[in-house]
Each structure stands twice: as structure tokens, then as C-alpha cells.
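Text of my_file.cif (mmCIF, C-alpha atoms) as supplied:
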```cif
data_query
#
loop_
_atom_site.group_PDB
_atom_site.id
_atom_site.type_symbol
_atom_site.label_atom_id
_atom_site.label_comp_id
_atom_site.auth_asym_id
_atom_site.auth_seq_id
_atom_site.Cartn_x
_atom_site.Cartn_y
_atom_site.Cartn_z
ATOM 1 C CA MET A 1 -6.732 21.940 22.881
ATOM 2 C CA GLU A 2 -7.929 20.696 19.544
ATOM 3 C CA GLU A 3 -7.268 17.822 17.252
ATOM 4 C CA ASN A 4 -7.415 17.421 13.538
ATOM 5 C CA ILE A 5 -9.460 14.423 12.511
ATOM 6 C CA HIS A 6 -9.174 13.204 8.950
ATOM 7 C CA LYS A 7 -12.064 11.273 7.562
ATOM 8 C CA PHE A 8 -11.772 9.079 4.544
ATOM 9 C CA THR A 9 -14.181 9.918 1.814
ATOM 10 C CA SER A 10 -12.780 8.246 -1.250
ATOM 11 C CA PHE A 11 -11.345 4.988 0.087
ATOM 12 C CA GLU A 12 -14.762 3.492 0.461
ATOM 13 C CA TYR A 13 -14.712 -0.073 -0.702
ATOM 14 C CA GLY A 14 -18.027 -1.820 -0.589
ATOM 15 C CA SER A 15 -17.070 -5.469 -0.682
ATOM 16 C CA ASP A 16 -18.373 -7.632 2.118
ATOM 17 C CA GLU A 17 -16.184 -10.575 1.290
ATOM 18 C CA SER A 18 -15.009 -12.287 4.404
ATOM 19 C CA HIS A 19 -11.697 -14.011 4.820
ATOM 20 C CA THR A 20 -11.815 -17.711 4.302
ATOM 21 C CA SER A 21 -9.475 -20.256 5.762
ATOM 22 C CA LEU A 22 -6.530 -21.219 3.661
ATOM 23 C CA LEU A 23 -6.233 -23.782 0.977
ATOM 24 C CA THR A 24 -6.861 -26.885 2.957
ATOM 25 C CA GLY A 25 -5.728 -29.948 1.134
ATOM 26 C CA ASN A 26 -5.258 -28.376 -2.288
ATOM 27 C CA VAL A 27 -1.941 -27.396 -3.795
ATOM 28 C CA PRO A 28 -2.078 -23.602 -4.008
ATOM 29 C CA VAL A 29 -1.431 -21.928 -7.335
ATOM 30 C CA PRO A 30 1.570 -19.620 -7.038
ATOM 31 C CA PRO A 31 1.053 -15.952 -7.855
ATOM 32 C CA GLN A 32 2.943 -14.923 -10.970
ATOM 33 C CA GLY A 33 5.400 -12.126 -10.352
ATOM 34 C CA LEU A 34 7.544 -10.050 -12.668
ATOM 35 C CA ILE A 35 10.842 -11.279 -14.065
ATOM 36 C CA TRP A 36 13.770 -8.985 -13.294
ATOM 37 C CA ASP A 37 15.257 -6.918 -16.117
ATOM 38 C CA GLY A 38 18.998 -7.228 -15.516
ATOM 39 C CA ALA A 39 19.876 -4.564 -18.070
ATOM 40 C CA ASN A 40 17.648 -1.905 -16.508
ATOM 41 C CA TYR A 41 17.425 -2.931 -12.880
ATOM 42 C CA SER A 42 13.689 -3.272 -12.434
ATOM 43 C CA CYS A 43 13.456 -4.749 -8.937
ATOM 44 C CA ALA A 44 11.508 -1.849 -7.383
ATOM 45 C CA TYR A 45 8.852 -2.188 -10.091
ATOM 46 C CA ASP A 46 8.917 -6.002 -9.879
ATOM 47 C CA ALA A 47 8.317 -6.075 -6.142
ATOM 48 C CA PHE A 48 5.585 -3.424 -6.040
ATOM 49 C CA PHE A 49 3.689 -4.267 -9.223
ATOM 50 C CA SER A 50 3.645 -8.001 -8.446
ATOM 51 C CA ILE A 51 1.735 -7.261 -5.238
ATOM 52 C CA LEU A 52 -0.694 -4.946 -7.038
ATOM 53 C CA GLN A 53 -1.253 -7.419 -9.845
ATOM 54 C CA HIS A 54 -2.028 -10.251 -7.464
ATOM 55 C CA LEU A 55 -4.478 -8.034 -5.598
ATOM 56 C CA TRP A 56 -6.155 -7.100 -8.864
ATOM 57 C CA CYS A 57 -6.360 -10.762 -9.954
ATOM 58 C CA GLN A 58 -8.407 -11.673 -6.893
ATOM 59 C CA ASP A 59 -11.376 -9.625 -8.113
ATOM 60 C CA PRO A 60 -10.660 -7.778 -11.392
ATOM 61 C CA PRO A 61 -13.917 -5.757 -11.670
ATOM 62 C CA HIS A 62 -13.728 -4.640 -8.058
ATOM 63 C CA TRP A 63 -10.045 -3.719 -8.148
ATOM 64 C CA THR A 64 -10.248 -2.036 -11.542
ATOM 65 C CA GLN A 65 -12.842 0.276 -10.022
ATOM 66 C CA GLN A 66 -10.870 0.830 -6.837
ATOM 67 C CA PHE A 67 -7.562 1.440 -8.606
ATOM 68 C CA SER A 68 -9.298 3.884 -10.941
ATOM 69 C CA ASN A 69 -10.601 5.791 -7.927
ATOM 70 C CA VAL A 70 -7.137 6.156 -6.439
ATOM 71 C CA SER A 71 -5.098 7.667 -9.274
ATOM 72 C CA PRO A 72 -4.667 7.873 -13.057
ATOM 73 C CA THR A 73 -1.519 5.732 -12.929
ATOM 74 C CA LEU A 74 -3.245 2.984 -10.969
ATOM 75 C CA HIS A 75 -6.145 3.216 -13.402
ATOM 76 C CA GLY A 76 -3.661 2.610 -16.228
ATOM 77 C CA LEU A 77 -2.134 -0.300 -14.350
ATOM 78 C CA ALA A 78 -5.551 -1.891 -13.850
ATOM 79 C CA ASN A 79 -6.241 -1.623 -17.580
ATOM 80 C CA GLY A 80 -2.829 -3.132 -18.211
ATOM 81 C CA PHE A 81 -3.521 -6.034 -15.855
ATOM 82 C CA GLN A 82 -6.587 -6.757 -17.955
ATOM 83 C CA LEU A 83 -4.429 -6.888 -21.091
ATOM 84 C CA VAL A 84 -1.968 -9.194 -19.325
ATOM 85 C CA SER A 85 -4.813 -11.384 -18.159
ATOM 86 C CA SER A 86 -6.113 -11.737 -21.711
ATOM 87 C CA HIS A 87 -2.561 -12.411 -23.016
ATOM 88 C CA ASN A 88 -2.453 -9.307 -25.201
ATOM 89 C CA ILE A 89 0.768 -8.173 -23.554
ATOM 90 C CA THR A 90 3.158 -9.689 -21.048
ATOM 91 C CA PHE A 91 3.382 -8.501 -17.479
ATOM 92 C CA GLU A 92 6.938 -7.362 -18.226
ATOM 93 C CA GLN A 93 5.713 -5.257 -21.177
ATOM 94 C CA LEU A 94 3.191 -3.562 -18.911
ATOM 95 C CA ARG A 95 5.906 -2.846 -16.333
ATOM 96 C CA ASP A 96 8.161 -1.400 -19.015
ATOM 97 C CA ASP A 97 5.364 0.779 -20.408
ATOM 98 C CA VAL A 98 4.561 2.262 -17.003
ATOM 99 C CA ARG A 99 8.250 2.691 -16.291
ATOM 100 C CA HIS A 100 8.726 4.482 -19.600
ATOM 101 C CA SER A 101 5.885 6.853 -18.791
ATOM 102 C CA LEU A 102 7.292 7.621 -15.336
ATOM 103 C CA HIS A 103 10.769 8.078 -16.790
ATOM 104 C CA ASN A 104 9.428 10.580 -19.306
ATOM 105 C CA GLN A 105 7.774 12.598 -16.545
ATOM 106 C CA TYR A 106 10.411 12.259 -13.806
ATOM 107 C CA GLY A 107 13.642 11.197 -15.471
ATOM 108 C CA ASN A 108 15.922 11.663 -12.466
ATOM 109 C CA MET A 109 13.604 9.786 -10.151
ATOM 110 C CA PHE A 110 13.022 6.842 -12.483
ATOM 111 C CA PRO A 111 16.239 6.247 -14.403
ATOM 112 C CA TYR A 112 17.180 3.389 -16.685
ATOM 113 C CA GLY A 113 20.299 1.290 -16.491
ATOM 114 C CA LYS A 114 21.960 -0.085 -13.399
ATOM 115 C CA VAL A 115 20.801 2.750 -11.211
ATOM 116 C CA GLY A 116 18.531 2.138 -8.280
ATOM 117 C CA THR A 117 14.966 3.405 -8.046
ATOM 118 C CA SER A 118 13.328 4.186 -4.708
ATOM 119 C CA VAL A 119 10.244 2.055 -4.186
ATOM 120 C CA MET A 120 8.851 4.917 -2.058
ATOM 121 C CA ASP A 121 9.166 7.330 -4.966
ATOM 122 C CA LEU A 122 7.548 4.732 -7.183
ATOM 123 C CA ALA A 123 4.642 4.078 -4.823
ATOM 124 C CA ASN A 124 4.191 7.797 -4.250
ATOM 125 C CA LYS A 125 3.879 8.550 -7.952
ATOM 126 C CA VAL A 126 1.694 5.530 -8.675
ATOM 127 C CA VAL A 127 -0.941 6.564 -6.109
ATOM 128 C CA ASN A 128 -0.534 10.309 -6.633
ATOM 129 C CA ASN A 129 -3.778 12.176 -7.156
ATOM 130 C CA GLU A 130 -4.175 15.850 -6.376
ATOM 131 C CA GLU A 131 -7.947 15.729 -6.044
ATOM 132 C CA LEU A 132 -9.564 16.323 -2.674
ATOM 133 C CA ASN A 133 -10.389 12.946 -1.192
ATOM 134 C CA ALA A 134 -10.788 13.475 2.533
ATOM 135 C CA SER A 135 -12.082 15.898 5.112
ATOM 136 C CA TYR A 136 -11.079 17.063 8.554
ATOM 137 C CA GLN A 137 -12.647 18.643 11.586
ATOM 138 C CA LEU A 138 -11.237 20.449 14.574
ATOM 139 C CA GLU A 139 -12.416 19.027 17.860
ATOM 140 C CA CYS A 140 -11.690 20.568 21.236
ATOM 141 C CA THR A 141 -10.688 18.008 23.830
ATOM 142 C CA ASN A 142 -11.479 20.502 26.596
ATOM 143 C CA CYS A 143 -15.038 21.652 25.819
ATOM 144 C CA GLN A 144 -16.077 19.191 23.074
ATOM 145 C CA PHE A 145 -16.478 21.966 20.489
ATOM 146 C CA ILE A 146 -16.505 20.503 16.977
ATOM 147 C CA GLY A 147 -15.706 22.702 13.991
ATOM 148 C CA ASP A 148 -16.986 22.588 10.442
ATOM 149 C CA VAL A 149 -16.016 19.777 8.102
ATOM 150 C CA LEU A 150 -13.347 21.009 5.688
ATOM 151 C CA ASN A 151 -12.093 19.339 2.539
ATOM 152 C CA ASP A 152 -8.587 17.986 2.522
ATOM 153 C CA TYR A 153 -6.216 15.724 0.644
ATOM 154 C CA LEU A 154 -4.851 12.548 2.161
ATOM 155 C CA SER A 155 -2.400 10.386 0.262
ATOM 156 C CA PRO A 156 -2.975 6.636 0.393
ATOM 157 C CA LEU A 157 0.789 6.414 1.023
ATOM 158 C CA ILE A 158 1.377 7.090 4.690
ATOM 159 C CA PHE A 159 4.736 8.610 5.664
ATOM 160 C CA ASN A 160 5.027 9.138 9.372
ATOM 161 C CA SER A 161 8.073 8.772 11.532
ATOM 162 C CA SER A 162 6.873 10.599 14.635
ATOM 163 C CA SER A 163 8.288 9.403 17.922
ATOM 164 C CA GLY A 164 6.390 6.704 19.757
ATOM 165 C CA ILE A 165 5.193 4.945 16.628
ATOM 166 C CA SER A 166 5.902 1.228 16.721
ATOM 167 C CA SER A 167 3.477 -0.197 14.161
ATOM 168 C CA THR A 168 1.700 0.686 10.948
ATOM 169 C CA LYS A 169 -1.474 0.921 13.018
ATOM 170 C CA ASP A 170 0.175 3.689 15.072
ATOM 171 C CA GLN A 171 1.387 5.360 11.879
ATOM 172 C CA LEU A 172 -2.149 5.622 10.590
ATOM 173 C CA ARG A 173 -3.572 6.822 13.893
ATOM 174 C CA SER A 174 -0.880 9.461 14.193
ATOM 175 C CA THR A 175 -1.581 10.612 10.636
ATOM 176 C CA LEU A 176 -5.354 10.798 10.995
ATOM 177 C CA VAL A 177 -5.549 12.375 14.429
ATOM 178 C CA ARG A 178 -3.199 15.250 15.108
ATOM 179 C CA ARG A 179 -2.900 18.007 17.627
ATOM 180 C CA SER A 180 -3.620 21.496 16.379
ATOM 181 C CA ARG A 181 -1.986 24.677 17.667
ATOM 182 C CA LEU A 182 -5.191 26.644 17.117
ATOM 183 C CA PHE A 183 -7.167 28.055 20.011
ATOM 184 C CA CYS A 184 -10.685 26.783 20.561
ATOM 185 C CA PRO A 185 -13.206 29.520 19.595
ATOM 186 C CA GLU A 186 -15.488 28.410 22.440
ATOM 187 C CA CYS A 187 -13.300 27.932 25.499
ATOM 188 C CA LEU A 188 -10.104 29.554 24.137
ATOM 189 C CA SER A 189 -7.933 26.650 25.269
ATOM 190 C CA GLN A 190 -5.140 25.425 23.015
ATOM 191 C CA MET B 1 -5.969 0.654 -0.322
ATOM 192 C CA LEU B 2 -3.409 1.996 2.114
ATOM 193 C CA LEU B 3 0.363 1.988 1.774
ATOM 194 C CA PHE B 4 2.885 2.636 4.532
ATOM 195 C CA SER B 5 6.446 3.808 4.150
ATOM 196 C CA VAL B 6 8.423 2.085 6.908
ATOM 197 C CA GLY B 7 11.974 1.997 5.505
ATOM 198 C CA GLY B 8 14.607 2.873 8.092
ATOM 199 C CA LEU B 9 12.043 3.028 10.903
ATOM 200 C CA LYS B 10 11.545 0.649 13.806
ATOM 201 C CA ILE B 11 7.958 -0.035 12.823
ATOM 202 C CA SER B 12 6.307 -3.438 12.626
ATOM 203 C CA ALA B 13 3.534 -4.320 10.204
ATOM 204 C CA SER B 14 0.146 -4.813 11.832
ATOM 205 C CA LYS B 15 -1.665 -7.685 10.126
ATOM 206 C CA ILE B 16 -5.010 -5.931 10.312
ATOM 207 C CA ILE B 17 -5.810 -2.253 10.736
ATOM 208 C CA LYS B 18 -9.273 -1.282 11.888
ATOM 209 C CA LEU B 19 -10.383 2.174 10.916
ATOM 210 C CA ARG B 20 -13.391 3.722 12.588
ATOM 211 C CA THR B 21 -15.068 6.501 10.664
ATOM 212 C CA VAL B 22 -18.014 8.562 11.809
ATOM 213 C CA ASN B 23 -20.578 6.098 10.534
ATOM 214 C CA GLU B 24 -18.829 2.792 10.217
ATOM 215 C CA SER B 25 -15.852 0.627 10.933
ATOM 216 C CA ARG B 26 -13.523 -0.769 8.292
ATOM 217 C CA LYS B 27 -10.873 -3.434 8.294
ATOM 218 C CA PHE B 28 -7.740 -3.286 6.177
ATOM 219 C CA HIS B 29 -5.811 -6.525 5.750
ATOM 220 C CA ILE B 30 -2.127 -6.689 4.939
ATOM 221 C CA ARG B 31 -1.720 -7.765 1.310
ATOM 222 C CA GLY B 32 1.921 -7.235 0.498
ATOM 223 C CA ILE B 33 5.300 -6.151 1.803
ATOM 224 C CA VAL B 34 8.267 -4.856 -0.189
ATOM 225 C CA TYR B 35 11.709 -5.516 1.299
ATOM 226 C CA HIS B 36 14.979 -3.759 0.549
ATOM 227 C CA GLY B 37 18.568 -4.720 1.117
ATOM 228 C CA GLY B 38 21.753 -5.392 -0.841
ATOM 229 C CA PHE B 39 20.663 -2.963 -3.566
ATOM 230 C CA HIS B 40 17.675 -5.144 -4.373
ATOM 231 C CA PHE B 41 13.917 -5.250 -3.706
ATOM 232 C CA THR B 42 11.887 -8.396 -3.100
ATOM 233 C CA SER B 43 8.352 -8.863 -1.858
ATOM 234 C CA ARG B 44 5.925 -10.989 0.066
ATOM 235 C CA ILE B 45 2.511 -11.362 -1.522
ATOM 236 C CA ILE B 46 -0.304 -12.188 0.872
ATOM 237 C CA THR B 47 -3.402 -13.715 -0.671
ATOM 238 C CA ASP B 48 -6.933 -13.110 0.535
ATOM 239 C CA ASP B 49 -7.018 -16.608 2.008
ATOM 240 C CA GLY B 50 -3.983 -15.940 4.177
ATOM 241 C CA ALA B 51 -1.148 -17.578 2.213
ATOM 242 C CA VAL B 52 2.200 -15.818 2.157
ATOM 243 C CA TRP B 53 4.308 -16.067 -0.993
ATOM 244 C CA PHE B 54 7.843 -14.853 -1.541
ATOM 245 C CA HIS B 55 8.725 -13.153 -4.818
ATOM 246 C CA ASP B 56 12.151 -12.227 -6.149
ATOM 247 C CA GLY B 57 12.194 -11.212 -9.815
ATOM 248 C CA GLN B 58 15.809 -12.349 -10.092
ATOM 249 C CA LEU B 59 14.597 -15.906 -9.432
ATOM 250 C CA GLY B 60 11.867 -15.764 -12.089
ATOM 251 C CA ALA B 61 8.131 -15.269 -12.225
ATOM 252 C CA ASN B 62 7.065 -18.012 -9.840
ATOM 253 C CA CYS B 63 6.557 -17.144 -6.225
ATOM 254 C CA ARG B 64 7.619 -19.492 -3.437
ATOM 255 C CA TYR B 65 5.087 -20.447 -0.798
ATOM 256 C CA GLU B 66 6.254 -19.713 2.725
ATOM 257 C CA LYS B 67 3.464 -20.326 5.235
ATOM 258 C CA ARG B 68 0.215 -18.921 6.475
ATOM 259 C CA LEU B 69 0.101 -15.332 7.603
ATOM 260 C CA SER B 70 -1.265 -16.499 10.944
ATOM 261 C CA ASP B 71 1.953 -18.466 11.471
ATOM 262 C CA PHE B 72 4.081 -15.336 11.085
ATOM 263 C CA SER B 73 4.694 -13.098 14.055
ATOM 264 C CA GLU B 74 4.672 -9.382 13.298
ATOM 265 C CA ILE B 75 8.408 -9.309 14.117
ATOM 266 C CA GLU B 76 9.051 -12.082 11.578
ATOM 267 C CA LEU B 77 7.442 -9.934 8.912
ATOM 268 C CA ASN B 78 9.970 -7.152 9.548
ATOM 269 C CA THR B 79 12.670 -8.949 7.593
ATOM 270 C CA CYS B 80 12.843 -11.367 4.693
ATOM 271 C CA ASN B 81 16.116 -13.069 3.797
ATOM 272 C CA GLU B 82 18.022 -10.326 5.632
ATOM 273 C CA ARG B 83 16.249 -7.553 3.765
ATOM 274 C CA GLN B 84 14.321 -4.943 5.715
ATOM 275 C CA MET B 85 10.672 -4.043 5.343
ATOM 276 C CA SER B 86 10.302 -0.917 3.237
ATOM 277 C CA LEU B 87 6.692 -0.618 2.054
ATOM 278 C CA VAL B 88 3.551 -2.276 3.424
ATOM 279 C CA ILE B 89 0.342 -2.514 1.423
ATOM 280 C CA TYR B 90 -3.140 -3.006 2.849
ATOM 281 C CA ALA B 91 -6.499 -3.495 1.212
ATOM 282 C CA GLN B 92 -9.976 -3.415 2.552
ATOM 283 C CA ASP B 93 -11.788 -6.707 2.051
#
```

Output the file's structure as C-alpha cells, nothing else.
Amino acid sequence: MEENIHKFTSFEYGSDESHTSLLTGNVPVPPQGLIWDGANYSCAYDAFFSILQHLWCQDPPHWTQQFSNVSPTLHGLANGFQLVSSHNITFEQLRDDVRHSLHNQYGNMFPYGKVGTSVMDLANKVVNNEELNASYQLECTNCQFIGDVLNDYLSPLIFNSSSGISSTKDQLRSTLVRRSRLFCPECLSQ
Amino acid sequence: MLLFSVGGLKISASKIIKLRTVNESRKFHIRGIVYHGGFHFTSRIITDDGAVWFHDGQLGANCRYEKRLSDFSEIELNTCNERQMSLVIYAQD
């Protein structure tokens, strides 16, 4: 019996920043989110991009690098956040530019007007990158045989609805470690 | 960064996910949740100091402070103003 074990190779963030306790005594500054476009229902973009922009704002050099590592679209968003930060464009203009680009590539998936957009489709396209970014190994749970490391692709967007999953932690575990139907070359068990 | 699709599933959002690789251990902290319901998406933005902010673009640009992440149970995070959790975003700190 063998298992597939994915290993991250390109999600390696080097920051050692530790979490600090919250805002004691001071009035916190609210994050700035996107304003909804009522003519072209933008709520999927507003919700997702507002989270990404706030993340980027917490450490622009670090997150520009990390976003650029993930995908070309996130790289473009990071550059756009810089333009928003320096008041060259508004956050809404950046959203509309990215939306326009996605609409041009996948018109049915990212329509205009009062038609809904799936935030899953949006997230999937924003982080999409076909380059190999992970590796896996077969490991026999019977005889401890470990196979060669093979290149693989692992999306940063985890879809997993297998039975028994009750948390995102379980979703990740179930995605990274999977049973294989292959026979072990050493002990021939499955 | 890790993103999880949880729409339509009975899955709760872990606040922290620890990932052990061959050589090291990494921690991913929850940094945002997108909610869906009533043909509309809203979000919760979670800052690196543990503050949770609610954002709804229909209400404008300003986010509304809710409370500290530590004061939320994982079940509480499943919904937000009757909308269901759809996408969860984590970042390594």
C-alpha cells in the first residue's frame, strides 16, 4: 500500500515575522475595500481582491515577490496595488482592468452586467500557473519503500470534498497525502 | 498562500494550518474569508495582528471592525450575516 506525498517547492515564504497581539488601546485603521459596481455586479471581485490588497499592504515588497511567484495574474495585481498605493489609479480602476483582461480571455466565465461571477472561478484563474511547483513521492506503508521524487503541479487553490473532511486542515491533508493504487515494487503490496 | 474552496461543503475554517515538509514546519494563518448568499459576495479581512474586519462593497470602501479572531469560534466563522463561507485564504507569516 502506497501513498502519494506532495511536497511544496514554490510556496516557500521566508518571513520570520511573528504574530503580535492586537491593537491595544489604539483605534485601528480600517482596511479599505472595493466599492461595488452596481452596473456590472462586481461583488466577487470586491470580496476577493479586498482581501488580497490588504494582505499586500501589510508588507508590499514581500507580497509583491510572493504574488509574482504564484501566477502572472497575481503578479499583475501586485503591480496594480503599488499603483493604487501611490495614487496613480484607484482600487476600482485596478479591479476593472483585471476584470477586463479576464473577460477578454474567458468571456463566459467573467461576464459583465447583472450576471453573477463565481468567486471560485475567479480565484482559480487568478492563481493559475501551469509551471511545475511541487513534487511527490510514493511511500509504501507496508515495507517503508520510498520511491523517487517526481515533479508535479499543485494549485494553491485547494478543491477537495472527499468524505470525512470537516475542516480546511483536513482538506489540505487529504490533498497532500493520498492513497495510490500502484503496487509496491519491493513487497508487492497495494 | 493557500486558498480553499469550501462552498456547499460542511467544512469549517481552521484558524491556523501547520504544514510539515521534509525539512521544516510552516504555519499558515487565516487571512480572509469570502462569503456567498443572496446573490452577493462579502468578505472578512483578517489582519496580521488578529483583527477581523467585515467588508461589503455595497456599503462602501470602509470595513467594519468586528472583533479579534481569537474571540471567534471556528463555527462562527462559517457564516457572516447569513451568508455561507465560500473561499478561505491563508498566508504564511

Matched chain/residue IDs from the PyMOL selection byres ((chain B) within 6 of (chain A)), as a short mmCIF file (atom, residue, chain, number, x, y, z; two decimals) with C-alpha atoms, in the coordinates of the input:
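Printed below is out.cif as written:
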```
data_model
loop_
_atom_site.label_atom_id
_atom_site.label_comp_id
_atom_site.auth_asym_id
_atom_site.auth_seq_id
_atom_site.Cartn_x
_atom_site.Cartn_y
_atom_site.Cartn_z
CA LEU B 2 -3.41 2.00 2.11
CA LEU B 3 0.36 1.99 1.77
CA PHE B 4 2.88 2.64 4.53
CA SER B 5 6.45 3.81 4.15
CA ILE B 11 7.96 -0.04 12.82
CA SER B 12 6.31 -3.44 12.63
CA ALA B 13 3.53 -4.32 10.20
CA SER B 14 0.15 -4.81 11.83
CA ILE B 17 -5.81 -2.25 10.74
CA GLY B 32 1.92 -7.24 0.50
CA PHE B 41 13.92 -5.25 -3.71
CA THR B 42 11.89 -8.40 -3.10
CA SER B 43 8.35 -8.86 -1.86
CA ILE B 45 2.51 -11.36 -1.52
CA ASP B 49 -7.02 -16.61 2.01
CA GLY B 50 -3.98 -15.94 4.18
CA GLY B 57 12.19 -11.21 -9.82
CA GLN B 58 15.81 -12.35 -10.09
CA GLY B 60 11.87 -15.76 -12.09
CA ALA B 61 8.13 -15.27 -12.22
CA ASN B 62 7.06 -18.01 -9.84
CA CYS B 63 6.56 -17.14 -6.22
CA ASP B 93 -11.79 -6.71 2.05
#
```

Practice item. Tell me which of B:Lys67, B:Phe72, B:Cys80, B:Ala91 sits closest to Arg26 in chain B, counting all atoms listed in the file. Key: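 Of the candidates, the smallest distance to Arg26 in chain B is held by B:Ala91.
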
Review point. Between CA of Phe110 in chain A and CA of Trp53 in chain B, what is the spacing in Å?
Key: 27.1 Å

Practice item. Tell me, as a list in words, which residues lie within 12 Å of Asn81 in chain B, counting all atoms listed in the file; anything in the same chain fewer than 6 positions away does not count. Key: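 Within the cut-off, the hits are Tyr35, His36, Gly37, Gly38, His40, Phe41, Thr42, Ser43, Arg44, Phe54, His55, Asp56 and Glu66 of chain B.
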
Exercise for review: Could you expand the PyMOL selection byres ((chain B and resi 27) around 8) into the explicit residues it covers here, written as a list in words?
Suggested key: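 Output from the PyMOL selection byres ((chain B and resi 27) around 8), applied to this file: Ile16, Ile17, Lys18, Leu19, Ser25, Arg26, Phe28, His29, Gln92 and Asp93 of chain B.
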
Exercise for review: Could you check how far CA of Ser85 in chain A sits from CA of Ser86 in chain B, in Å to one decimal?
Suggested key: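 Interatomic distance here is 28.2 Å.
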
Review point. To one decimal place, how far is CA of Arg20 in chain B from CA of Val88 in chain B in Å?
Key: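 So the answer is 20.2 Å.
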
Enclose range 113-119 of chain A, meaning all of its atoms listed in the file, in a box aligned along x, y and z, pad it by 5 Å on each side, and list the centre and edge lengths in Å to one decimal, as lines of an AutoDock Vina configuration file.
```
center_x = 16.1
center_y = 2.1
center_z = -10.3
size_x = 21.7
size_y = 14.3
size_z = 22.3
```

Point to revise | Ground truth for the PyMOL selection byres ((chain A and resi 139) around 12), written as number ranges by chain | key: A: 1-6, 136-138, 140-149, 177-187, 189-190
